[in-house]
$ cat upload_39.txt   # compact mmCIF, C-alpha atoms and all ligand atoms
# COMPACT_ATOMS: atom_id res chain seq x y z
CA MET V 573 6.93 -16.95 -19.20
CA VAL V 574 5.92 -14.10 -21.46
CA LYS V 575 6.43 -14.72 -25.16
CA ASP V 576 5.15 -11.51 -26.60
CA ILE V 577 3.36 -8.29 -25.66
CA THR V 578 1.26 -6.16 -28.01
CA ILE V 579 -0.24 -2.82 -27.00
CA TYR V 580 -3.03 -1.13 -28.96
CA THR V 581 -2.61 2.64 -28.62
CA THR V 582 -3.61 5.98 -30.11
CA ASN V 583 -1.52 9.15 -30.46
CA THR V 584 -3.35 11.19 -27.83
CA CYS V 585 -3.99 8.58 -25.14
CA VAL V 586 -1.92 9.33 -22.03
CA TYR V 587 -2.65 5.96 -20.40
CA CYS V 588 -1.10 4.30 -23.48
CA VAL V 589 2.00 6.37 -22.78
CA MET V 590 1.90 5.21 -19.15
CA VAL V 591 1.71 1.50 -20.06
CA LYS V 592 4.69 1.98 -22.39
CA LYS V 593 6.60 3.96 -19.73
CA TRP V 594 5.93 1.30 -17.12
CA LEU V 595 7.03 -1.58 -19.38
CA GLY V 596 10.05 0.49 -20.42
CA SER V 597 11.00 1.06 -16.76
CA LYS V 598 11.04 -2.74 -16.31
CA ASN V 599 13.05 -3.23 -19.55
CA ILE V 600 10.21 -5.27 -21.03
CA SER V 601 9.89 -5.04 -24.79
CA TYR V 602 6.56 -4.87 -26.60
CA ASN V 603 5.00 -4.37 -30.03
CA GLU V 604 2.76 -1.38 -30.55
CA VAL V 605 -0.26 -1.13 -32.84
CA ASN V 606 -1.06 2.56 -33.12
CA LEU V 607 -4.68 2.83 -34.26
CA ASP V 608 -4.17 6.35 -35.59
CA VAL V 609 -1.52 4.95 -37.94
CA ASN V 610 -3.42 1.70 -38.56
CA PRO V 611 -7.12 2.66 -38.36
CA GLU V 612 -8.03 -0.54 -40.26
CA ARG V 613 -7.03 -2.49 -37.12
CA ALA V 614 -9.32 -0.50 -34.77
CA GLN V 615 -11.76 -3.39 -34.46
CA GLU V 616 -9.11 -5.78 -33.07
CA PRO V 617 -9.01 -4.39 -29.49
CA VAL V 618 -12.80 -4.06 -29.53
CA ASP V 619 -13.16 -7.72 -30.45
CA LEU V 620 -10.69 -8.70 -27.74
CA THR V 621 -12.31 -6.69 -24.94
CA GLY V 622 -15.82 -5.71 -25.98
CA GLN V 623 -14.81 -2.18 -24.99
CA LEU V 624 -14.15 0.99 -26.94
CA ALA V 625 -11.04 1.94 -25.03
CA VAL V 626 -7.27 1.96 -25.28
CA PRO V 627 -4.68 1.01 -24.19
CA VAL V 628 -5.33 -2.68 -24.66
CA THR V 629 -2.35 -4.83 -23.74
CA VAL V 630 -2.25 -8.42 -24.97
CA VAL V 631 0.25 -10.58 -23.11
CA THR V 632 0.93 -13.88 -24.89
CA LYS V 633 2.48 -16.54 -22.65
CA SER V 634 4.86 -19.27 -23.80
CA ASP V 635 1.98 -21.77 -23.89
CA ASP V 636 0.21 -19.32 -26.27
CA SER V 637 -2.46 -18.44 -23.71
CA LYS V 638 -3.34 -14.76 -23.75
CA GLU V 639 -4.08 -12.24 -21.05
CA VAL V 640 -5.82 -9.05 -22.16
CA ILE V 641 -5.65 -5.92 -20.00
CA VAL V 642 -7.70 -2.81 -20.69
CA GLY V 643 -6.38 0.53 -19.50
CA TYR V 644 -3.39 1.43 -17.37
CA ASN V 645 -3.99 -1.06 -14.61
CA LEU V 646 -0.81 -2.00 -12.77
CA ALA V 647 -2.66 -4.38 -10.46
CA LYS V 648 -3.39 -6.54 -13.53
CA LEU V 649 -0.43 -5.65 -15.72
CA ALA V 650 2.30 -6.41 -13.16
CA PRO V 651 1.28 -10.04 -12.47
CA ALA V 652 0.53 -10.62 -16.18
CA VAL V 653 4.09 -9.82 -17.26
CA ALA V 654 5.83 -11.31 -14.19
CA MET R 695 13.22 1.97 6.53
CA LYS R 696 12.62 3.92 3.30
CA LYS R 697 12.87 7.61 4.23
CA ASN R 698 12.86 10.79 2.13
CA ASP R 699 12.89 14.48 2.91
CA LEU R 700 9.70 14.97 0.93
CA ILE R 701 7.07 12.69 -0.53
CA ILE R 702 4.68 14.29 -2.99
CA ILE R 703 1.43 12.45 -3.60
CA GLY R 704 0.61 12.80 -7.29
CA ALA R 705 2.67 13.83 -10.31
CA GLY R 706 0.45 16.44 -11.94
CA PRO R 707 1.46 20.05 -12.69
CA THR R 708 1.39 21.04 -8.98
CA ALA R 709 3.56 18.13 -7.90
CA LEU R 710 6.04 18.38 -10.77
CA THR R 711 6.52 22.13 -10.25
CA ALA R 712 7.04 21.65 -6.52
CA ALA R 713 9.57 18.92 -7.34
CA ILE R 714 11.50 21.21 -9.71
CA TYR R 715 11.89 23.68 -6.84
CA THR R 716 12.68 21.20 -4.05
CA THR R 717 15.17 19.10 -5.99
CA ARG R 718 17.05 22.22 -7.08
CA GLU R 719 17.44 22.91 -3.37
CA ASP R 720 18.80 19.40 -2.85
CA ILE R 721 15.70 18.29 -1.00
CA ASP R 722 15.45 14.58 -1.62
CA THR R 723 12.01 14.28 -3.28
CA VAL R 724 9.93 11.31 -4.34
CA LEU R 725 6.65 11.67 -6.22
CA ILE R 726 4.16 8.82 -6.09
CA GLU R 727 1.72 8.68 -8.99
CA LYS R 728 -1.14 6.21 -9.41
CA GLY R 729 -2.33 7.38 -12.82
CA ALA R 730 -0.84 9.52 -15.55
CA ILE R 731 2.38 11.47 -15.04
CA GLY R 732 1.31 15.02 -15.82
CA GLY R 733 -2.08 14.59 -14.15
CA LEU R 734 -5.29 15.78 -15.72
CA ILE R 735 -3.64 18.08 -18.19
CA ALA R 736 -2.04 15.06 -19.86
CA THR R 737 -5.54 13.89 -20.79
CA THR R 738 -6.47 17.07 -22.61
CA ASP R 739 -5.79 17.69 -26.25
CA TRP R 740 -4.58 21.26 -26.24
CA VAL R 741 -3.61 23.94 -23.70
CA ASP R 742 -3.80 27.46 -25.04
CA ASN R 743 -3.49 29.58 -21.92
CA TYR R 744 -0.22 28.54 -20.31
CA PRO R 745 2.34 31.34 -20.58
CA GLY R 746 5.38 30.83 -22.75
CA PHE R 747 3.73 28.62 -25.36
CA VAL R 748 2.71 31.26 -27.85
CA ASP R 749 0.79 28.88 -30.11
CA GLY R 750 -0.40 26.56 -27.35
CA ILE R 751 0.88 23.08 -26.55
CA SER R 752 -0.64 19.59 -26.43
CA GLY R 753 -1.42 18.31 -22.94
CA LEU R 754 0.75 15.24 -23.50
CA ASP R 755 3.71 17.32 -24.60
CA MET R 756 3.30 19.65 -21.62
CA ALA R 757 3.21 16.70 -19.21
CA ASP R 758 6.33 15.24 -20.78
CA ARG R 759 8.19 18.55 -20.46
CA PHE R 760 7.18 18.97 -16.81
CA GLN R 761 8.37 15.44 -16.06
CA LYS R 762 11.71 15.85 -17.84
CA GLN R 763 12.40 19.17 -16.10
CA ALA R 764 11.67 17.71 -12.65
CA GLU R 765 13.77 14.61 -13.36
CA ARG R 766 16.65 16.76 -14.63
CA PHE R 767 17.13 18.01 -11.08
CA GLY R 768 16.79 14.59 -9.49
CA ALA R 769 13.09 14.10 -8.78
CA VAL R 770 12.16 10.43 -8.58
CA ILE R 771 8.71 9.39 -9.79
CA GLU R 772 7.36 6.08 -8.54
CA LEU R 773 4.31 4.49 -10.17
CA ASP R 774 2.25 3.44 -7.18
CA GLU R 775 -0.85 4.47 -5.23
CA VAL R 776 -0.86 6.16 -1.85
CA LEU R 777 -3.48 4.62 0.43
CA GLY R 778 -3.05 6.80 3.51
CA ILE R 779 -0.75 8.93 5.67
CA GLU R 780 -0.17 9.13 9.39
CA PRO R 781 2.11 11.31 11.53
CA ILE R 782 4.50 9.22 13.62
CA ASP R 783 6.81 11.17 15.94
CA GLU R 784 8.52 13.77 13.76
CA LEU R 785 7.92 11.84 10.53
CA ILE R 786 4.96 11.13 8.28
CA SER R 787 4.25 7.52 7.43
CA VAL R 788 2.99 7.05 3.87
CA THR R 789 1.30 3.77 3.02
CA THR R 790 1.30 2.70 -0.61
CA THR R 791 0.16 -0.47 -2.33
CA SER R 792 3.75 -1.70 -2.12
CA GLY R 793 4.39 -0.91 1.53
CA GLU R 794 5.11 1.76 4.12
CA ARG R 795 7.66 4.52 3.81
CA PHE R 796 8.47 7.73 5.66
CA ALA R 797 9.13 11.39 4.95
CA LYS R 798 9.90 14.50 6.94
CA ALA R 799 7.25 16.34 4.93
CA VAL R 800 4.42 15.38 2.60
CA LEU R 801 2.77 17.43 -0.13
CA ILE R 802 -0.71 16.35 -1.17
CA ALA R 803 -1.10 17.26 -4.84
CA THR R 804 -3.75 14.73 -5.82
CA GLY R 805 -5.87 17.10 -7.89
CA SER R 806 -9.34 16.10 -8.93
CA ASP R 807 -11.16 13.56 -11.04
CA TYR R 808 -14.19 13.49 -13.34
CA LYS R 809 -17.66 13.50 -11.80
CA LYS R 810 -20.11 10.89 -12.96
CA LEU R 811 -23.72 11.61 -13.87
CA GLY R 812 -25.14 8.85 -11.66
CA ILE R 813 -27.87 7.94 -14.18
CA PRO R 814 -29.17 4.59 -15.43
CA GLY R 815 -26.93 3.06 -18.09
CA GLU R 816 -23.82 4.99 -17.08
CA ASP R 817 -22.07 2.08 -15.36
CA THR R 818 -23.54 -0.59 -17.65
CA TYR R 819 -22.01 1.01 -20.73
CA TYR R 820 -18.77 2.29 -19.16
CA ALA R 821 -16.08 2.15 -21.89
CA ARG R 822 -18.66 0.59 -24.22
CA GLY R 823 -20.26 3.90 -25.14
CA VAL R 824 -19.86 5.96 -21.96
CA HIS R 825 -16.54 7.80 -21.66
CA TYR R 826 -14.81 10.49 -19.60
CA CYS R 827 -11.61 11.05 -21.60
CA ALA R 828 -11.86 12.30 -25.18
CA THR R 829 -8.16 12.02 -25.99
CA CYS R 830 -8.21 8.41 -24.75
CA ASP R 831 -11.31 7.00 -26.40
CA GLY R 832 -12.37 9.54 -29.05
CA ALA R 833 -10.64 7.66 -31.87
CA PHE R 834 -13.25 4.87 -31.67
CA TYR R 835 -15.89 7.30 -32.93
CA ARG R 836 -14.57 7.99 -36.42
CA GLY R 837 -17.58 8.61 -38.62
CA LYS R 838 -20.03 8.13 -35.71
CA LYS R 839 -22.52 10.30 -33.82
CA LEU R 840 -21.89 11.41 -30.25
CA VAL R 841 -23.52 13.11 -27.30
CA VAL R 842 -21.36 15.26 -25.03
CA THR R 843 -22.84 16.37 -21.73
CA GLY R 844 -21.65 19.44 -19.78
CA GLY R 845 -21.44 23.17 -20.32
CA GLY R 846 -18.10 24.32 -18.89
CA ASN R 847 -14.69 24.80 -20.46
CA SER R 848 -13.83 21.09 -20.42
CA ALA R 849 -17.09 20.04 -22.09
CA VAL R 850 -16.80 22.57 -24.89
CA GLN R 851 -13.08 22.01 -25.40
CA GLU R 852 -13.49 18.23 -25.51
CA ALA R 853 -16.57 18.42 -27.77
CA LEU R 854 -14.53 20.50 -30.21
CA PHE R 855 -11.73 17.92 -30.06
CA LEU R 856 -14.20 15.07 -30.69
CA THR R 857 -15.33 16.68 -33.97
CA LYS R 858 -12.01 15.41 -35.36
CA PHE R 859 -13.65 11.98 -35.30
CA ALA R 860 -17.44 12.26 -34.99
CA THR R 861 -19.71 13.34 -37.82
CA HIS R 862 -22.10 15.11 -35.43
CA ILE R 863 -22.24 15.96 -31.74
CA ASP R 864 -25.27 16.88 -29.61
CA LEU R 865 -23.99 18.95 -26.69
CA LEU R 866 -26.43 18.68 -23.78
CA VAL R 867 -26.14 21.57 -21.34
CA ARG R 868 -28.21 21.38 -18.15
CA SER R 869 -28.49 25.15 -17.75
CA THR R 870 -26.34 27.61 -19.70
CA LEU R 871 -22.89 27.47 -21.26
CA LYS R 872 -20.15 28.57 -18.86
CA ALA R 873 -17.14 28.27 -21.12
CA SER R 874 -14.67 31.05 -21.97
CA ASP R 875 -15.45 33.45 -24.82
CA VAL R 876 -12.68 32.00 -26.96
CA LEU R 877 -14.20 28.52 -26.71
CA LEU R 878 -17.73 29.82 -27.27
CA HIS R 879 -16.55 31.51 -30.41
CA GLU R 880 -14.98 28.25 -31.63
CA LEU R 881 -18.20 26.44 -30.79
CA GLU R 882 -20.28 28.91 -32.80
CA LYS R 883 -18.07 28.38 -35.84
CA ASN R 884 -18.27 24.59 -35.62
CA ASP R 885 -21.18 23.24 -37.64
CA LYS R 886 -20.74 19.66 -36.41
CA ILE R 887 -21.98 20.54 -32.90
CA THR R 888 -25.61 21.25 -32.01
CA VAL R 889 -26.00 22.85 -28.58
CA HIS R 890 -29.10 21.99 -26.52
CA LEU R 891 -29.45 24.42 -23.62
CA GLY R 892 -31.60 23.58 -20.61
CA VAL R 893 -31.53 19.85 -21.34
CA THR R 894 -30.67 17.35 -18.61
CA THR R 895 -29.08 13.96 -19.29
CA ASP R 896 -31.27 11.33 -17.66
CA GLU R 897 -30.66 7.90 -19.10
CA ILE R 898 -28.36 6.00 -21.44
CA ILE R 899 -30.01 3.28 -23.50
CA GLY R 900 -28.36 0.48 -25.44
CA ASP R 901 -28.64 -3.17 -26.41
CA GLU R 902 -26.35 -4.50 -23.64
CA THR R 903 -23.27 -4.20 -25.87
CA ARG R 904 -23.52 -0.73 -27.41
CA VAL R 905 -25.16 2.62 -26.64
CA HIS R 906 -27.95 3.67 -29.00
CA LYS R 907 -29.54 6.70 -27.45
CA VAL R 908 -29.44 9.20 -24.64
CA ILE R 909 -32.66 10.42 -23.06
CA GLY R 910 -32.91 13.84 -21.48
CA THR R 911 -35.54 16.31 -20.32
CA ASP R 912 -36.11 19.77 -21.75
CA ALA R 913 -36.30 22.01 -18.66
CA THR R 914 -38.66 24.50 -20.37
CA THR R 915 -41.22 22.15 -21.90
CA LYS R 916 -40.64 19.38 -19.27
CA LYS R 917 -40.81 16.93 -22.18
CA LYS R 918 -38.50 13.98 -22.72
CA VAL R 919 -36.02 14.41 -25.56
CA GLU R 920 -34.11 11.60 -27.26
CA PHE R 921 -30.76 11.69 -29.02
CA GLU R 922 -29.72 8.83 -31.30
CA THR R 923 -26.01 8.29 -30.67
CA ASP R 924 -23.14 5.83 -30.72
CA GLY R 925 -21.70 7.06 -27.46
CA ILE R 926 -21.64 9.72 -24.79
CA PHE R 927 -18.73 11.67 -23.29
CA VAL R 928 -19.37 13.17 -19.86
CA PHE R 929 -17.70 16.40 -18.70
CA ILE R 930 -19.82 17.74 -15.87
CA GLY R 931 -17.06 18.95 -13.60
CA LEU R 932 -14.52 17.57 -11.22
CA LYS R 933 -14.42 16.25 -7.69
CA PRO R 934 -11.39 16.41 -5.39
CA THR R 935 -9.27 13.26 -5.07
CA ALA R 936 -8.93 13.25 -1.31
CA GLU R 937 -11.37 10.66 0.03
CA PHE R 938 -8.49 8.35 0.91
CA LEU R 939 -7.31 10.96 3.45
CA ARG R 940 -10.67 11.30 5.23
CA SER R 941 -9.63 9.65 8.48
CA THR R 942 -6.28 11.42 8.86
CA GLY R 943 -7.28 14.52 10.81
CA ILE R 944 -6.92 16.76 7.76
CA GLU R 945 -9.68 19.36 7.46
CA PHE R 946 -11.99 19.38 4.42
CA ASP R 947 -14.48 21.91 3.08
CA SER R 948 -18.11 20.96 2.44
CA ILE R 949 -17.34 19.66 -1.06
CA GLY R 950 -14.34 17.60 0.00
CA PHE R 951 -11.44 19.88 -0.96
CA ILE R 952 -8.58 20.04 1.55
CA LYS R 953 -8.42 23.16 3.72
CA THR R 954 -5.03 24.80 4.28
CA ASP R 955 -3.74 28.03 5.79
CA GLU R 956 -2.14 30.71 3.59
CA ASN R 957 1.15 28.79 3.80
CA LEU R 958 -0.56 25.72 2.30
CA ARG R 959 -0.22 23.82 5.59
CA THR R 960 -2.91 21.30 6.51
CA LYS R 961 -3.92 20.49 10.07
CA ILE R 962 -1.22 17.81 10.26
CA LYS R 963 2.25 19.12 11.01
CA GLY R 964 4.55 18.59 8.04
CA VAL R 965 1.70 17.87 5.62
CA PHE R 966 0.98 20.47 2.95
CA ALA R 967 -1.65 20.55 0.17
CA ALA R 968 -1.61 22.45 -3.12
CA GLY R 969 -3.22 22.62 -6.54
CA ASP R 970 -6.67 21.46 -7.62
CA VAL R 971 -7.24 19.38 -4.46
CA ARG R 972 -7.00 22.46 -2.24
CA SER R 973 -10.06 24.40 -1.16
CA GLY R 974 -10.02 27.72 -3.02
CA ALA R 975 -7.84 26.53 -5.93
CA THR R 976 -8.62 28.09 -9.28
CA MET R 977 -8.23 24.82 -11.26
CA GLN R 978 -5.82 26.00 -13.93
CA VAL R 979 -2.38 24.70 -14.84
CA ALA R 980 -0.75 28.09 -14.32
CA SER R 981 -2.21 28.42 -10.83
CA ALA R 982 -1.45 24.77 -10.01
CA CYS R 983 2.18 25.42 -10.90
CA GLY R 984 2.13 28.61 -8.81
CA GLU R 985 0.80 26.70 -5.82
CA GLY R 986 3.39 23.97 -6.36
CA ALA R 987 6.15 26.57 -6.24
CA THR R 988 4.71 28.21 -3.12
CA ALA R 989 4.34 24.85 -1.39
CA ALA R 990 7.96 23.98 -2.22
CA LEU R 991 9.23 27.19 -0.64
CA ARG R 992 7.13 26.68 2.48
CA ILE R 993 8.26 23.06 2.71
CA ARG R 994 11.88 24.16 2.47
CA GLU R 995 11.34 26.50 5.45
CA TYR R 996 9.61 23.71 7.34
CA LEU R 997 12.45 21.27 6.64
CA GLU R 998 15.04 23.80 7.79
CA GLY R 999 13.20 24.03 11.12
CA HIS R 1000 12.88 20.23 11.16
CA SER R 1001 16.62 19.65 10.84
CA GLN R 1002 17.40 22.31 13.47
CA GLN R 1003 15.09 20.47 15.86
CA ALA R 1004 16.73 17.16 15.05
CA ALA R 1005 20.24 18.63 15.55
C1 LIG Q 1 -10.51 18.27 -19.97
C2 LIG Q 1 -9.70 19.27 -19.21
C3 LIG Q 1 -9.12 20.33 -19.91
C4 LIG Q 1 -8.34 21.26 -19.21
N1 LIG Q 1 -7.79 22.29 -19.92
C5 LIG Q 1 -7.04 23.22 -19.27
C6 LIG Q 1 -6.45 24.31 -19.99
O1 LIG Q 1 -6.59 24.41 -21.21
N2 LIG Q 1 -5.72 25.20 -19.29
C7 LIG Q 1 -5.53 25.12 -17.93
O2 LIG Q 1 -4.84 25.95 -17.36
N3 LIG Q 1 -6.07 24.09 -17.23
C8 LIG Q 1 -6.83 23.15 -17.85
N4 LIG Q 1 -7.39 22.12 -17.14
C9 LIG Q 1 -7.17 22.08 -15.68
C10 LIG Q 1 -5.82 21.45 -15.32
O3 LIG Q 1 -5.72 20.18 -15.92
C11 LIG Q 1 -5.70 21.31 -13.80
O4 LIG Q 1 -5.90 22.57 -13.18
C12 LIG Q 1 -4.32 20.79 -13.38
O5 LIG Q 1 -4.03 19.57 -14.02
C13 LIG Q 1 -4.24 20.61 -11.86
O6 LIG Q 1 -3.02 20.08 -11.51
P1 LIG Q 1 -2.81 19.25 -10.16
O7 LIG Q 1 -1.40 18.77 -10.21
O8 LIG Q 1 -3.24 20.05 -9.00
O9 LIG Q 1 -3.83 18.02 -10.25
P2 LIG Q 1 -3.98 16.86 -11.33
O10 LIG Q 1 -3.57 17.31 -12.67
O11 LIG Q 1 -5.37 16.35 -11.15
O12 LIG Q 1 -2.93 15.75 -10.86
C14 LIG Q 1 -3.09 15.02 -9.67
C15 LIG Q 1 -2.39 13.68 -9.82
O13 LIG Q 1 -2.43 12.99 -8.57
C16 LIG Q 1 -2.61 11.61 -8.81
N5 LIG Q 1 -3.17 10.97 -7.60
C17 LIG Q 1 -4.40 11.20 -7.06
N6 LIG Q 1 -4.57 10.41 -5.96
C18 LIG Q 1 -3.42 9.69 -5.83
C19 LIG Q 1 -2.99 8.70 -4.90
N7 LIG Q 1 -3.77 8.30 -3.88
N8 LIG Q 1 -1.76 8.15 -5.04
C20 LIG Q 1 -0.96 8.54 -6.06
N9 LIG Q 1 -1.33 9.47 -6.99
C21 LIG Q 1 -2.53 10.04 -6.86
C22 LIG Q 1 -3.58 11.59 -9.99
O14 LIG Q 1 -3.49 10.33 -10.66
C23 LIG Q 1 -3.09 12.76 -10.82
O15 LIG Q 1 -2.17 12.36 -11.81
C24 LIG Q 1 -8.16 21.16 -17.80
C25 LIG Q 1 -8.74 20.09 -17.12
C26 LIG Q 1 -9.51 19.16 -17.81
C27 LIG Q 1 -10.13 18.04 -17.06
$ encode --input "upload_39.txt" --output "structure tokens"
Amino acid sequence: MVKDITIYTTNTCVYCVMVKKWLGSKNISYNEVNLDVNPERAQEPVDLTGQLAVPVTVVTKSDDSKEVIVGYNLAKLAPAVA
Amino acid sequence: MKKNDLIIIGAGPTALTAAIYTTREDIDTVLIEKGAIGGLIATTDWVDNYPGFVDGISGLDMADRFQKQAERFGAVIELDEVLGIEPIDELISVTTTSGERFAKAVLIATGSDYKKLGIPGEDTYYARGVHYCATCDGAFYRGKKLVVTGGGNSAVQEALFLTKFATHIDLLVRSTLKASDVLLHELEKNDKITVHLGVTTDEIIGDETRVHKVIGTDATTKKKVEFETDGIFVFIGLKPTAEFLRSTGIEFDSIGFIKTDENLRTKIKGVFAAGDVRSGATMQVASACGEGATAALRIREYLEGHSQQAA
């Protein structure tokens, strides 16, 4: 079971828009951390993934385990939120 | 059996324009998109040369408008990847990651994708200092130094965009700049970008986690040149997204673009191709939209013939 989803995004990143559109189409709610609005949090997705890329989607399960998905990757995102 | 009048592969400007036309004619149309709705233009910061937008428009905004207009008339966009097509009797079978479906006609509007340099370090540092999308990853370079490689419109436009974040950019151009005069003028005015003409990009060096420098060769002196940097953005042109159709009987040109006749028909009956993926395309949004409209009209004619045959 999914407890919580957080997506790190920026204003201009189209793949961030796609992750949000895809979750929206499945009626799945999420929290968004926009790094253009919150630049002080820019290191968080880097620490989670080791990559300098957004979107980063963090899916927290009910047992508090986390799955971190970089990019718009439905092959990983779909099973993670199922 | 899932069956539509028309399946469009892709949801870029070509596909969305075609869908506006076909759905207004009550042709039941499904678009299948594996990446970003809006296609490549959704990844660019600003579009200044599309008619009707006097002051220009952001790529994301343009993509959103195209999508809304197509959906207003009933186009359905499915987020999935097409793996192959095959003619079966009078229908075309379309295989996606979620199964097989059928259509009376198919429009291939899969556009193109960024070319890679193919140099040491490029894969090692992918997304950890090596990038292909400025609007996606540029924000990580606030206050940092960058290298941009390429000399065409995309490279110059994206380098200019990246100056919003980076303190300095070395633009490495293998031969000469081939961007439009408007962009060259912008480039000249921008004191954050240093242009290096006749410099190849040969190797990306880092410490396993981050990029530290890019090594190139000066074509005139034949000497190695080094650029200290925090990252590199690569814009050296595009390659057609059509490899997945190689074994279908469709004809390709020597680069891999799909060949069509003047009615945008491929060698497979009922399968059309338009936009950036088509051999001879001019790789602009306005022309992609034009080809999308033309394809839609030709597909309508084809479907009229199709239903007469079936009757
Ligand atoms: C950085 C940059 C800046 C640009 N700036 C401008 C500009 O200012 N003005 C201008 O006129 N043009 C510009 N262009 C060019 C413009 O983006 C393209 O000409 C236009 O997007 C082509 O549209 P298209 O629909 O043919 O292809 P694309 O936009 O490439 O769309 C094709 C779509 O098909 C999808 N697809 C591919 N394969 C599959 C598959 N197997 N299954 C499902 N979906 C698939 C892709 O994910 C993609 O979304 C720019 C391009 C770039 C790269």
$ closest_residue --input "upload_39.txt" --among "V:Ser634, V:Val618, V:Tyr587, V:Lys648" --to "ligand LIG 1 (chain Q)" --atoms "all atoms listed in the file"
V:Tyr587
$ residues_around --input "upload_39.txt" --residues "Trp594 of chain V" --least-positions-apart "3" --cutoff "10 Å" --atoms "only C-alpha atoms" --output "list in words"
Cys588, Val589, Met590, Val591, Ser597, Lys598, Asn599, Ile600, Tyr644, Leu646, Leu649 and Ala650 of chain V; Glu772 and Leu773 of chain R
$ atom_distance --input "upload_39.txt" --atom1 "atom CA of Gly750 of chain R" --atom2 "atom O6 of ligand LIG 1 (chain Q)"
17.3 Å
$ residues_near_ligand --input "upload_39.txt" --ligand "ligand LIG 1 (chain Q)" --cutoff "7 Å" --atoms "only C-alpha atoms and all ligand atoms" --output "ChimeraX atom specification"
/R:703-709,726-735,737-738,740-744,774-777,803-807,848,851-852,935-936,938,968-971,977-980,982
$ closest_residue --input "upload_39.txt" --among "V:Asn606, V:Ala625, V:Val630, V:Thr578" --to "chain R" --atoms "only C-alpha atoms"
V:Ala625
$ atom_distance --input "upload_39.txt" --atom1 "atom CA of Glu616 of chain V" --atom2 "atom CA of Thr584 of chain V"
18.7 Å
$ atom_distance --input "upload_39.txt" --atom1 "atom CA of Pro627 of chain V" --atom2 "atom CA of Thr581 of chain V"
5.2 Å
$ interface_residues --input "upload_39.txt" --of "chain R" --to "chain V" --cutoff "9 Å" --atoms "all atoms listed in the file" --output "list in words"
Lys728, Gly729, Ala730, Ile731, Ala736, Thr737, Thr738, Asp739, Ser752, Gly753, Leu754, Leu773, Asp774, Tyr819, Tyr820, Ala821, Arg822, Gly823, His825, Cys827, Ala828, Thr829, Cys830, Asp831, Gly832, Ala833, Phe834, Tyr835 and Thr903 of chain R
$ residues_around --input "upload_39.txt" --residues "Ser601 of chain V" --least-positions-apart "4" --cutoff "9 Å" --atoms "only C-alpha atoms" --output "ChimeraX atom specification"
/V:576-577,595-596
$ residues_around --input "upload_39.txt" --residues "Lys633 of chain V" --least-positions-apart "4" --cutoff "12 Å" --atoms "all atoms listed in the file" --output "list in words"
Met573, Val574, Lys575, Asp576, Ile577, Thr578, Ser637, Lys638, Glu639, Val640, Ala652, Val653 and Ala654 of chain V
$ closest_residue --input "upload_39.txt" --among "R:Glu985, R:Glu956, R:Glu998, R:Asp885" --to "Tyr715 of chain R" --atoms "only C-alpha atoms"
R:Glu985
$ axis_aligned_box --input "upload_39.txt" --around "segment 626-630 of chain V" --padding-each-side "3 Å" --output "AutoDock Vina command-line options"
--center_x -4.8 --center_y -3.2 --center_z -24.5 --size_x 11.0 --size_y 16.4 --size_z 7.5
